[in-house]
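Below: run.txt (compact mmCIF, C-alpha atoms and all ligand atoms)
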# COMPACT_ATOMS: atom_id res chain seq x y z
CA MET A 23 -7.76 11.57 19.06
CA THR A 24 -9.18 8.65 20.99
CA ASP A 25 -12.78 7.54 20.78
CA VAL A 26 -14.79 6.94 23.93
CA ILE A 27 -17.22 4.07 23.47
CA GLY A 28 -19.88 2.98 25.95
CA GLU A 29 -19.19 -0.42 27.49
CA HIS A 30 -22.53 -1.78 26.29
CA VAL A 31 -21.67 -0.71 22.72
CA PHE A 32 -18.30 -2.39 23.02
CA ARG A 33 -19.95 -5.61 24.16
CA GLN A 34 -22.28 -5.37 21.15
CA PHE A 35 -19.18 -5.05 18.98
CA LEU A 36 -17.83 -8.25 20.53
CA ALA A 37 -21.12 -10.01 19.79
CA SER A 38 -20.83 -8.89 16.16
CA LEU A 39 -17.59 -10.91 15.84
CA GLU A 40 -19.52 -14.12 16.33
CA PRO A 41 -20.01 -16.61 14.75
CA ALA A 42 -16.82 -16.15 12.71
CA MET A 43 -14.80 -16.12 15.92
CA ARG A 44 -14.96 -17.66 19.35
CA LEU A 45 -14.94 -15.08 22.12
CA ALA A 46 -12.71 -15.30 25.18
CA GLY A 47 -12.03 -12.97 28.06
CA PRO A 48 -11.67 -12.70 31.83
CA VAL A 49 -14.56 -14.50 33.55
CA ARG A 50 -15.17 -14.47 37.31
CA ASP A 51 -15.52 -17.85 39.01
CA GLY A 52 -15.89 -17.39 42.77
CA LYS A 53 -12.85 -15.44 43.95
CA ILE A 54 -10.86 -16.12 40.79
CA VAL A 55 -10.89 -14.35 37.43
CA GLU A 56 -9.78 -16.62 34.59
CA PHE A 57 -9.60 -16.33 30.80
CA ARG A 58 -12.30 -18.52 29.32
CA GLU A 59 -14.52 -18.72 26.30
CA GLY A 60 -17.82 -17.00 26.92
CA ALA A 61 -20.39 -14.48 25.82
CA PRO A 62 -19.63 -10.72 25.77
CA GLU A 63 -21.67 -10.11 28.93
CA ASP A 64 -19.58 -12.69 30.83
CA PHE A 65 -16.32 -10.76 30.59
CA VAL A 66 -15.05 -8.81 33.60
CA LEU A 67 -13.57 -5.65 32.13
CA ASP A 68 -12.81 -3.79 35.37
CA ASP A 69 -9.33 -3.63 36.93
CA SER A 70 -9.37 -7.19 38.33
CA VAL A 71 -6.23 -9.17 37.68
CA SER A 72 -6.65 -12.62 36.16
CA TYR A 73 -5.17 -15.66 37.86
CA LYS A 74 -3.65 -16.88 34.60
CA ALA A 75 -2.85 -15.07 31.36
CA PRO A 76 -4.62 -15.78 28.03
CA LYS A 77 -1.59 -17.80 26.86
CA GLU A 78 -3.64 -20.99 26.68
CA PHE A 79 -5.57 -19.79 23.64
CA TYR A 80 -2.30 -19.87 21.67
CA PHE A 81 -0.45 -22.59 23.54
CA PRO A 82 -2.94 -24.85 25.37
CA GLN A 83 -1.91 -26.69 28.51
CA VAL A 84 -2.80 -30.01 26.84
CA GLU A 85 -3.62 -30.42 23.16
CA ARG A 86 -3.98 -33.38 20.86
CA LEU A 87 -1.94 -32.67 17.74
CA ILE A 88 -2.20 -35.93 15.78
CA THR A 89 -4.40 -39.04 15.84
CA PHE A 90 -3.02 -42.39 14.61
CA GLN A 91 -5.47 -45.09 13.57
CA ASP A 92 -5.23 -48.06 11.16
CA GLY A 93 -1.81 -46.92 9.92
CA GLU A 94 -3.03 -43.43 9.10
CA ALA A 95 -2.03 -40.19 10.82
CA GLU A 96 -4.45 -37.30 10.91
CA SER A 97 -3.83 -33.78 12.24
CA GLU A 98 -6.40 -32.32 14.57
CA PRO A 99 -8.57 -29.66 12.91
CA GLU A 100 -8.03 -26.12 14.20
CA PRO A 101 -11.07 -24.63 15.94
CA ARG A 102 -12.50 -21.29 14.82
CA PRO A 103 -10.12 -18.38 15.50
CA VAL A 104 -10.49 -16.68 18.86
CA ALA A 105 -10.94 -13.03 19.79
CA VAL A 106 -9.31 -12.57 23.19
CA THR A 107 -10.53 -9.51 25.08
CA GLY A 108 -9.04 -7.98 28.21
CA ALA A 109 -5.37 -9.03 27.89
CA ARG A 110 -3.26 -6.70 30.05
CA PRO A 111 -0.18 -4.93 28.61
CA CYS A 112 2.12 -7.36 30.49
CA ASP A 113 0.28 -10.31 28.93
CA LEU A 114 0.46 -8.72 25.48
CA GLU A 115 4.22 -8.32 25.92
CA ALA A 116 4.32 -11.96 26.99
CA LEU A 117 2.67 -12.91 23.69
CA ARG A 118 5.40 -10.94 21.93
CA VAL A 119 8.02 -13.03 23.76
CA MET A 120 6.17 -16.26 22.92
CA ARG A 121 6.01 -15.26 19.28
CA ALA A 122 9.76 -14.62 19.21
CA VAL A 123 10.42 -18.02 20.81
CA PHE A 124 7.98 -20.01 18.66
CA LEU A 125 8.38 -18.28 15.32
CA ASN A 126 11.71 -16.41 15.08
CA GLY A 127 14.06 -19.34 15.52
CA ARG A 128 15.22 -22.09 13.21
CA TYR A 129 11.97 -24.03 13.71
CA LYS A 130 8.51 -22.52 13.59
CA ASP A 131 5.50 -23.69 15.55
CA PRO A 132 2.67 -23.81 12.96
CA PHE A 133 -0.03 -24.12 15.63
CA PHE A 134 1.01 -20.98 17.47
CA GLU A 135 1.52 -19.16 14.17
CA GLN A 136 -1.94 -20.03 12.89
CA ARG A 137 -3.69 -19.06 16.11
CA GLN A 138 -1.98 -15.67 16.23
CA ALA A 139 -2.46 -15.00 12.53
CA ARG A 140 -6.19 -15.75 12.50
CA GLY A 141 -7.24 -14.36 15.88
CA LEU A 142 -7.95 -10.92 17.26
CA VAL A 143 -6.32 -9.57 20.42
CA ILE A 144 -8.02 -6.80 22.39
CA GLY A 145 -5.87 -5.33 25.15
CA LEU A 146 -7.07 -3.62 28.31
CA ALA A 147 -4.89 -1.01 30.06
CA CYS A 148 -4.46 -1.40 33.81
CA ASP A 149 -5.83 1.36 36.03
CA ALA A 150 -3.42 0.64 38.86
CA ARG A 151 -0.55 -1.65 39.81
CA LYS A 152 -1.52 -4.84 41.58
CA PRO A 153 0.37 -6.37 44.54
CA GLY A 154 3.49 -8.13 43.28
CA CYS A 155 3.50 -6.49 39.82
CA PHE A 156 6.77 -5.00 38.60
CA CYS A 157 6.22 -4.36 34.87
CA ASP A 158 7.61 -0.83 35.33
CA ALA A 159 10.99 -2.23 36.45
CA LEU A 160 11.16 -3.99 33.07
CA GLY A 161 10.42 -0.79 31.14
CA LEU A 162 6.84 -1.77 30.31
CA ASP A 163 3.86 0.57 30.45
CA MET A 164 0.85 -0.73 32.39
CA LYS A 165 -1.41 1.35 30.18
CA PHE A 166 -0.04 0.53 26.75
CA SER A 167 1.29 -2.20 24.49
CA ASP A 168 1.26 -2.13 20.72
CA PHE A 169 1.24 -5.95 20.55
CA CYS A 170 -2.53 -6.09 20.08
CA ASP A 171 -5.12 -5.24 17.45
CA ILE A 172 -7.35 -3.04 19.59
CA LEU A 173 -6.59 -1.37 22.93
CA LEU A 174 -9.13 -0.37 25.59
CA GLU A 175 -8.49 2.01 28.42
CA ARG A 176 -11.21 2.55 30.98
CA ALA A 177 -12.50 6.12 30.67
CA ARG A 178 -12.95 8.16 33.86
CA GLY A 179 -16.23 7.31 35.47
CA GLU A 180 -18.09 4.09 34.87
CA GLY A 181 -19.16 2.27 31.79
CA ALA A 182 -16.97 3.52 28.92
CA PHE A 183 -13.62 2.82 27.26
CA LYS A 184 -11.18 4.91 25.30
CA VAL A 185 -10.69 2.69 22.24
CA THR A 186 -7.91 2.74 19.64
CA HIS A 187 -6.73 0.27 17.02
CA LEU A 188 -3.14 -0.80 16.42
CA SER A 189 -3.36 -3.07 13.39
CA GLY A 190 -5.15 -3.31 10.08
CA ARG A 191 -7.00 -6.34 11.43
CA GLY A 192 -8.25 -4.34 14.43
CA ALA A 193 -9.27 -1.39 12.22
CA GLU A 194 -11.14 -3.69 9.85
CA ALA A 195 -13.04 -5.45 12.63
CA LEU A 196 -14.10 -2.17 14.28
CA ALA A 197 -15.11 -0.63 10.93
CA LYS A 198 -17.62 -3.42 10.29
CA PHE A 199 -19.73 -2.52 13.35
CA PRO A 200 -21.64 0.78 13.22
CA GLY A 201 -21.02 1.71 16.88
CA THR A 202 -17.22 1.43 16.51
CA ALA A 203 -16.74 2.37 12.86
CA ASP A 204 -15.11 5.73 13.68
CA VAL A 205 -12.47 4.46 16.09
CA LYS A 206 -9.06 5.95 15.27
CA PRO A 207 -5.59 4.42 15.26
CA ALA A 208 -3.56 4.74 18.47
CA PRO A 209 -1.49 7.93 18.48
CA ALA A 210 2.19 7.42 17.63
CA ARG A 211 4.13 7.03 20.86
CA VAL A 212 7.39 8.56 19.81
CA GLY A 213 9.96 8.97 22.55
CA VAL A 214 8.08 7.06 25.22
CA THR A 215 10.55 4.22 25.57
CA ARG A 216 10.82 3.66 29.28
CA GLY A 217 14.00 2.86 31.15
CA ARG A 218 14.47 -0.69 32.36
CA ALA A 219 15.72 -1.02 35.93
CA LEU A 220 15.84 -4.82 35.94
CA GLY A 221 18.01 -6.95 33.68
CA LEU A 222 21.25 -8.89 33.55
CA ASP A 223 24.44 -8.17 31.65
CA LEU A 224 23.82 -10.31 28.55
CA GLY A 225 27.52 -10.22 27.71
CA ARG A 226 28.36 -12.42 30.69
CA GLY A 227 28.57 -16.18 30.35
CA GLU A 228 26.05 -18.29 32.28
CA LYS A 229 28.75 -19.78 34.51
CA GLU A 230 29.48 -16.34 35.93
CA PHE A 231 25.86 -16.11 37.12
CA PHE A 232 26.17 -19.53 38.73
CA GLY A 233 28.57 -18.08 41.29
CA LEU A 234 27.19 -14.58 41.77
CA ILE A 235 24.68 -15.43 44.49
CA ASP A 236 24.05 -18.38 46.77
CA TRP A 237 21.43 -20.27 44.74
CA GLU A 238 20.97 -22.86 47.50
CA ASP A 239 19.95 -20.05 49.80
CA ALA A 240 17.76 -18.35 47.16
CA ALA A 241 15.79 -21.55 46.51
CA ALA A 242 15.98 -23.00 50.04
CA ALA A 243 12.21 -22.76 50.62
CA CYS A 244 11.18 -23.95 47.12
CA GLN A 245 8.79 -26.88 47.19
CA GLY A 246 9.25 -27.78 43.53
CA CYS A 247 5.51 -27.48 42.97
CA GLY A 248 5.86 -25.90 39.50
CA MET A 249 3.13 -23.36 40.19
CA CYS A 250 5.36 -20.47 39.11
CA THR A 251 5.86 -22.01 35.67
CA TYR A 252 2.26 -23.05 35.10
CA ILE A 253 0.86 -19.58 35.69
CA CYS A 254 3.65 -17.69 33.93
CA PRO A 255 2.56 -16.03 30.67
CA THR A 256 5.95 -16.60 29.03
CA CYS A 257 6.87 -20.13 30.19
CA HIS A 258 6.78 -22.33 27.13
CA CYS A 259 8.41 -25.70 27.84
CA PHE A 260 6.46 -28.76 26.75
CA GLU A 261 6.69 -32.50 26.24
CA PHE A 262 4.89 -35.00 23.99
CA ARG A 263 2.90 -37.99 25.17
CA ASP A 264 1.27 -40.72 23.11
CA VAL A 265 -1.88 -42.17 24.65
CA THR A 266 -3.58 -45.23 23.14
CA GLU A 267 -7.18 -46.21 23.82
CA ASN A 268 -9.19 -48.78 21.86
CA GLY A 269 -6.64 -48.93 19.06
CA VAL A 270 -6.57 -45.14 18.56
CA THR A 271 -3.43 -43.24 19.56
CA GLY A 272 -3.40 -39.52 20.28
CA ARG A 273 -0.18 -37.54 20.33
CA TYR A 274 -0.52 -34.84 22.95
CA ARG A 275 1.55 -31.76 23.62
CA CYS A 276 1.53 -30.93 27.34
CA TRP A 277 3.14 -28.13 29.31
CA ASP A 278 6.21 -29.18 31.27
CA SER A 279 8.10 -27.41 34.02
CA CYS A 280 11.82 -26.90 34.63
CA MET A 281 10.95 -26.95 38.34
CA PHE A 282 10.17 -30.68 38.22
CA PRO A 283 13.04 -33.07 39.01
CA ARG A 284 12.43 -35.32 35.99
CA PHE A 285 12.52 -32.41 33.54
CA THR A 286 16.19 -32.98 32.77
CA LEU A 287 16.52 -36.60 33.83
CA HIS A 288 18.64 -38.42 31.24
CA ALA A 289 17.97 -41.98 30.09
CA SER A 290 21.27 -42.90 31.78
CA GLY A 291 19.84 -41.87 35.15
CA HIS A 292 22.08 -38.80 35.36
CA ASN A 293 20.28 -35.56 36.14
CA PRO A 294 22.27 -32.38 35.41
CA ARG A 295 19.83 -30.36 37.53
CA ALA A 296 19.34 -32.69 40.43
CA SER A 297 18.79 -30.01 43.10
CA ARG A 298 15.97 -27.50 43.51
CA ALA A 299 18.58 -24.75 43.60
CA ALA A 300 19.86 -25.78 40.14
CA ARG A 301 16.31 -25.91 38.82
CA TYR A 302 15.37 -22.52 40.23
CA ARG A 303 18.59 -21.04 38.84
CA GLN A 304 17.62 -22.42 35.44
CA ARG A 305 14.19 -20.78 35.66
CA VAL A 306 15.66 -17.35 36.46
CA LEU A 307 18.50 -17.52 33.94
CA HIS A 308 16.27 -18.93 31.21
CA LYS A 309 14.02 -15.91 31.54
CA TYR A 310 16.60 -13.18 32.11
CA LEU A 311 19.64 -14.49 30.20
CA TYR A 312 19.09 -17.33 27.71
CA VAL A 313 15.86 -16.14 26.04
CA ALA A 314 17.12 -12.56 26.16
CA GLN A 315 20.35 -13.60 24.42
CA ASN A 316 18.47 -15.66 21.83
CA THR A 317 15.55 -13.35 21.03
CA GLY A 318 16.35 -9.91 22.43
CA HIS A 319 13.36 -10.14 24.81
CA ILE A 320 13.47 -10.81 28.55
CA ALA A 321 11.05 -13.66 29.14
CA CYS A 322 9.50 -12.01 32.18
CA THR A 323 7.04 -9.16 31.96
CA GLY A 324 6.74 -8.44 35.68
CA CYS A 325 3.12 -9.61 35.75
CA GLY A 326 3.65 -10.66 39.36
CA ARG A 327 1.71 -13.92 39.08
CA CYS A 328 4.56 -16.13 40.32
CA VAL A 329 5.20 -13.68 43.15
CA ARG A 330 1.56 -13.75 44.24
CA SER A 331 1.15 -17.51 43.85
CA CYS A 332 4.34 -19.07 45.20
CA PRO A 333 3.29 -20.92 48.36
CA VAL A 334 6.57 -20.07 50.10
CA GLY A 335 6.91 -16.45 48.96
CA ILE A 336 9.84 -16.78 46.54
CA ASN A 337 10.11 -13.52 44.61
CA ILE A 338 11.86 -13.55 41.22
CA LYS A 339 12.25 -9.78 41.25
CA SER A 340 14.26 -9.88 44.49
CA ILE A 341 16.46 -12.66 43.11
CA VAL A 342 17.21 -10.75 39.90
CA GLU A 343 17.90 -7.62 41.97
CA SER A 344 20.42 -9.61 44.05
CA LEU A 345 22.07 -10.78 40.83
CA THR A 346 22.32 -7.26 39.40
CA GLU A 347 23.64 -5.99 42.74
CA ALA A 348 26.26 -8.76 42.79
CA GLU A 349 27.26 -7.92 39.20
CA LYS A 350 28.48 -4.43 40.24
S1 LIG A 401 5.94 -21.65 42.98
FE1 LIG A 401 7.53 -21.28 44.53
S2 LIG A 401 7.69 -23.26 45.62
FE2 LIG A 401 6.59 -23.70 43.70
S3 LIG A 401 8.23 -24.31 42.25
FE3 LIG A 401 7.91 -22.09 41.98
S4 LIG A 401 9.46 -21.13 43.34
FE4 LIG A 401 9.25 -23.29 44.00
S1 LIG A 402 8.40 -14.89 35.80
FE1 LIG A 402 6.72 -14.34 37.22
S2 LIG A 402 6.55 -12.09 37.05
FE2 LIG A 402 7.76 -12.79 35.30
S3 LIG A 402 6.25 -13.07 33.63
FE3 LIG A 402 6.48 -15.08 34.65
S4 LIG A 402 4.87 -15.13 36.22
FE4 LIG A 402 5.08 -12.99 35.55

Output the structure of this file as structure tokens.
Amino acid sequence: MTDVIGEHVFRQFLASLEPAMRLAGPVRDGKIVEFREGAPEDFVLDDSVSYKAPKEFYFPQVERLITFQDGEAESEPEPRPVAVTGARPCDLEALRVMRAVFLNGRYKDPFFEQRQARGLVIGLACDARKPGCFCDALGLDMKFSDFCDILLERARGEGAFKVTHLSGRGAEALAKFPGTADVKPAPARVGVTRGRALGLDLGRGEKEFFGLIDWEDAAAACQGCGMCTYICPTCHCFEFRDVTENGVTGRYRCWDSCMFPRFTLHASGHNPRASRAARYRQRVLHKYLYVAQNTGHIACTGCGRCVRSCPVGINIKSIVESLTEAEK
């Protein structure tokens, strides 16, 4: 049984989460929809696709981690937890990948861990596929992910959502507000595992993939702009920078990109990935082979953002399809 809740009631529920939590969701700015902090009435909860995913609320593009002054080091205080509304199933699956990368290995990222543990994630099912999306080829369901606390699906007609909860935290939050107190858990989805059409043979060594297709040809048009990595919901490479001003030093964590030539530049001057082809190959194999081998998750959810945004039309799905074809 799924409860249908009026959109205005749902927005009142969001307002009830304040001031304990910051609110974030898709906000329209001109032609672009972006995840930002805002008020419940700001959030665009139709079928618009957001330019970027809500990844930045867990892994900001730039963040100061530590401040050094007068021989003392002080960690930055964590802001109030955030309730992110309107994350699509592909972006929820991307958070699952990020969690596996940041928390399931030998080292754990305490910042990511804290933000996920304290926050609330409210998913929003897609009504229709968008140009460039291929989540279905990766076995994902555009209408469902269980990697969230609460899931919304737009009810037929305007102005209402089918609402379910998928975690104790989601159930508890809904129960506190009278208009959502009766929302039920999501029905068990036994036997709905979808087939995955896209993926590489994880038993193969990386060197075999180096020779399967012509990588120079695949990346011939690449401009090395890094756009595909900056808008990807699963890309997670970063670097540290120390910046000193007026005797105070901040240690910043900033996103980095494997598509930039200096990403692998050694102190000796040698660069093992000196060509754009080698860098693009790294991007594809990192997502479809290395992370998959290390975590069991493919680090691409078929969100289509890199496909839609690449200025020269490079399409990761077509490249992976060529690889799987060449594997046969
Ligand atoms: S967005 Fe396109 S051109 Fe830019 S780095 Fe990525 S693949 Fe290359
Ligand atoms: S690689 Fe492209 S399609 Fe895959 S998750 Fe990243 S942005 Fe989306």

Worksheet entry | Close residues, region 34-39 of chain A itself excluded, 10 Å, all atoms listed in the file, min 2 positions apart in chain, as a list in words |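 Listing them by chain and then by number gives Gly28, Glu29, His30, Val31, Phe32, Pro41, Ala42, Met43, Arg44, Leu45, Ala46, Ala61, Pro62, Glu63, Val104, Ala105, Val106, Thr107, Leu142, Ala195, Leu196, Lys198, Phe199, Pro200, Gly201, Thr202 and Ala203 of chain A.
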
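Candidate residues A:Glu115, A:Asp278, A:Glu347, A:Glu230 were compared for distance to ligand LIG 402 (chain A), and the nearest is A:Glu115, using only C-alpha atoms and all ligand atoms.
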
Worksheet item: Looking at all atoms listed in the file, which of A:Thr346, A:Gln83, A:Ser70, A:Thr89 is the one that sits closest to Ala219 (chain A)?
Response: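 Smallest separation from Ala219 (chain A) among the options: A:Thr346.
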
Discussion item. For a quick check of understanding, using only C-alpha atoms, which of A:Ile88, A:Ile320, A:Ile253, A:Ala296 has the smallest distance to Trp277 (chain A)?
Written reply: A:Ile253

At most 6 Å is the cut-off: for each residue in chain A with any atom that close to an atom of ligand LIG 401 (chain A), write down the nearest atom pair and the distance in Å rounded to one decimal, counting all atoms listed in the file, chain first then increasing number, as a tab-separated table.
residue	atom	partner	partner_atom	distance
A:Cys244	CA	A:LIG401	FE4	3.7
A:Gln245	CA	A:LIG401	S2	4.1
A:Gly246	CA	A:LIG401	S3	3.8
A:Cys247	CA	A:LIG401	FE2	4.0
A:Gly248	CA	A:LIG401	S3	4.0
A:Met249	CA	A:LIG401	S1	4.3
A:Cys250	CA	A:LIG401	S1	4.1
A:Met281	CA	A:LIG401	S3	5.4
A:Cys332	CA	A:LIG401	S1	3.8
A:Pro333	CA	A:LIG401	S2	5.7
A:Val334	CA	A:LIG401	S2	5.6
A:Ile336	CA	A:LIG401	S4	5.4

Can you tell me, as lines of an AutoDock Vina configuration file, the centre and edge lengths (Å, one decimal) of the axis-aligned box enclosing all of region 132-146 of chain A's listed atoms after padding each side by 6 Å?
center_x = -2.7
center_y = -13.9
center_z = 20.4
size_x = 22.7
size_y = 32.5
size_z = 27.8

Closest atom pairs, residues of chain A within 9 Å of ligand LIG 402 (chain A), all atoms listed in the file, as CSV:
residue,atom,partner,partner_atom,distance
A:Lys74,CA,A:LIG402,S4,8.8
A:Cys112,CA,A:LIG402,S3,7.7
A:Asp113,CA,A:LIG402,S3,8.1
A:Ala116,CA,A:LIG402,S3,7.0
A:Gly154,CA,A:LIG402,S2,8.0
A:Cys155,CA,A:LIG402,S2,7.0
A:Phe156,CA,A:LIG402,S2,7.3
A:Cys157,CA,A:LIG402,S2,8.0
A:Cys250,CA,A:LIG402,S4,6.1
A:Thr251,CA,A:LIG402,S4,7.0
A:Tyr252,CA,A:LIG402,S4,8.4
A:Ile253,CA,A:LIG402,S4,6.0
A:Cys254,CA,A:LIG402,S4,3.6
A:Pro255,CA,A:LIG402,S3,5.6
A:Thr256,CA,A:LIG402,S3,5.8
A:Cys257,CA,A:LIG402,FE3,6.7
A:Arg305,CA,A:LIG402,S1,8.3
A:Val306,CA,A:LIG402,S1,7.7
A:Lys309,CA,A:LIG402,S1,7.1
A:Ala321,CA,A:LIG402,S3,6.6
A:Cys322,CA,A:LIG402,FE2,3.7
A:Thr323,CA,A:LIG402,S3,4.3
A:Gly324,CA,A:LIG402,S2,3.9
A:Cys325,CA,A:LIG402,FE4,3.9
A:Gly326,CA,A:LIG402,S2,4.0
A:Arg327,CA,A:LIG402,S4,4.4
A:Cys328,CA,A:LIG402,FE1,4.2
A:Val329,CA,A:LIG402,FE1,6.2
A:Arg330,CA,A:LIG402,FE1,8.7
A:Ser331,CA,A:LIG402,S4,8.8
A:Asn337,CA,A:LIG402,FE1,8.2
A:Ile338,CA,A:LIG402,FE1,6.6
A:Lys339,CA,A:LIG402,S2,7.4

Those residues you just picked out, can you put them in a file as a CSV table (one decimal), keeping the file's coordinate frame with C-alpha atoms?
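Saved file result00.csv follows:
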chain,number,residue,atom,x,y,z
A,74,LYS,CA,-3.6,-16.9,34.6
A,112,CYS,CA,2.1,-7.4,30.5
A,113,ASP,CA,0.3,-10.3,28.9
A,116,ALA,CA,4.3,-12.0,27.0
A,154,GLY,CA,3.5,-8.1,43.3
A,155,CYS,CA,3.5,-6.5,39.8
A,156,PHE,CA,6.8,-5.0,38.6
A,157,CYS,CA,6.2,-4.4,34.9
A,250,CYS,CA,5.4,-20.5,39.1
A,251,THR,CA,5.9,-22.0,35.7
A,252,TYR,CA,2.3,-23.0,35.1
A,253,ILE,CA,0.9,-19.6,35.7
A,254,CYS,CA,3.6,-17.7,33.9
A,255,PRO,CA,2.6,-16.0,30.7
A,256,THR,CA,6.0,-16.6,29.0
A,257,CYS,CA,6.9,-20.1,30.2
A,305,ARG,CA,14.2,-20.8,35.7
A,306,VAL,CA,15.7,-17.4,36.5
A,309,LYS,CA,14.0,-15.9,31.5
A,321,ALA,CA,11.0,-13.7,29.1
A,322,CYS,CA,9.5,-12.0,32.2
A,323,THR,CA,7.0,-9.2,32.0
A,324,GLY,CA,6.7,-8.4,35.7
A,325,CYS,CA,3.1,-9.6,35.8
A,326,GLY,CA,3.6,-10.7,39.4
A,327,ARG,CA,1.7,-13.9,39.1
A,328,CYS,CA,4.6,-16.1,40.3
A,329,VAL,CA,5.2,-13.7,43.2
A,330,ARG,CA,1.6,-13.8,44.2
A,331,SER,CA,1.2,-17.5,43.8
A,337,ASN,CA,10.1,-13.5,44.6
A,338,ILE,CA,11.9,-13.6,41.2
A,339,LYS,CA,12.2,-9.8,41.2

Worksheet item: Which of these residues is nearest to Asp236 (chain A), using all atoms listed in the file: A:Arg303, A:Arg191, A:Arg176, A:Lys350?
Response: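 Of A:Arg303, A:Arg191, A:Arg176, A:Lys350, the one nearest Asp236 (chain A) is A:Arg303, counting all atoms listed in the file.
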
Worksheet item: Between A:Thr271, A:Pro153, A:Ile27, A:Thr317, which one has atoms that come closest to Glu94 (chain A), using all atoms listed in the file?
Response: A:Thr271

Worksheet item: Which residues come within 8 Å of Leu224 (chain A), counting all atoms listed in the file, excluding same-chain residues fewer than 3 positions away, as a list in words?
Response: Gly227, Leu311, Ala314 and Gln315 of chain A

Item to complete: Excluding Ala193 (chain A) and any residue of its chain fewer than 4 positions from it, enumerate the residues within 9 Å of it, using all atoms listed in the file, and give them as a ChimeraX atom specification.
Response: /A:171-172,186-189,197-198,203,205-207

Those residues you just picked out, can you put them in a file as a PDB file, in the frame of the given file with C-alpha atoms?
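The resulting selection.pdb:
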ATOM      1  CA  ASP A 171      -5.120  -5.240  17.450  1.00  0.00           C
ATOM      2  CA  ILE A 172      -7.350  -3.040  19.590  1.00  0.00           C
ATOM      3  CA  THR A 186      -7.910   2.740  19.640  1.00  0.00           C
ATOM      4  CA  HIS A 187      -6.730   0.270  17.020  1.00  0.00           C
ATOM      5  CA  LEU A 188      -3.140  -0.800  16.420  1.00  0.00           C
ATOM      6  CA  SER A 189      -3.360  -3.070  13.390  1.00  0.00           C
ATOM      7  CA  ALA A 197     -15.110  -0.630  10.930  1.00  0.00           C
ATOM      8  CA  LYS A 198     -17.620  -3.420  10.290  1.00  0.00           C
ATOM      9  CA  ALA A 203     -16.740   2.370  12.860  1.00  0.00           C
ATOM     10  CA  VAL A 205     -12.470   4.460  16.090  1.00  0.00           C
ATOM     11  CA  LYS A 206      -9.060   5.950  15.270  1.00  0.00           C
ATOM     12  CA  PRO A 207      -5.590   4.420  15.260  1.00  0.00           C
TER      13      PRO A 207
END

Worksheet item: Can you tell me how far CA of Glu238 (chain A) sits from CA of Met120 (chain A), in Å to one decimal?
Response: 29.4 Å

Item to complete: Go through A:Phe169, A:Tyr312, A:Phe133, A:Phe260 and flag the residue nearest Arg110 (chain A), using all atoms listed in the file for the distances.
Response: A:Phe169

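The coordinates place CA of Pro103 (chain A) at 8.9 Å from CA of Ala139 (chain A).
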
Worksheet item: Got a sec: who's within 9 Å of Ala109 (chain A), counting only C-alpha atoms, leaving out chain neighbours fewer than 4 positions off, as a ChimeraX atom specification?
Response: /A:47-48,57,75-76,113-114,143-147,170
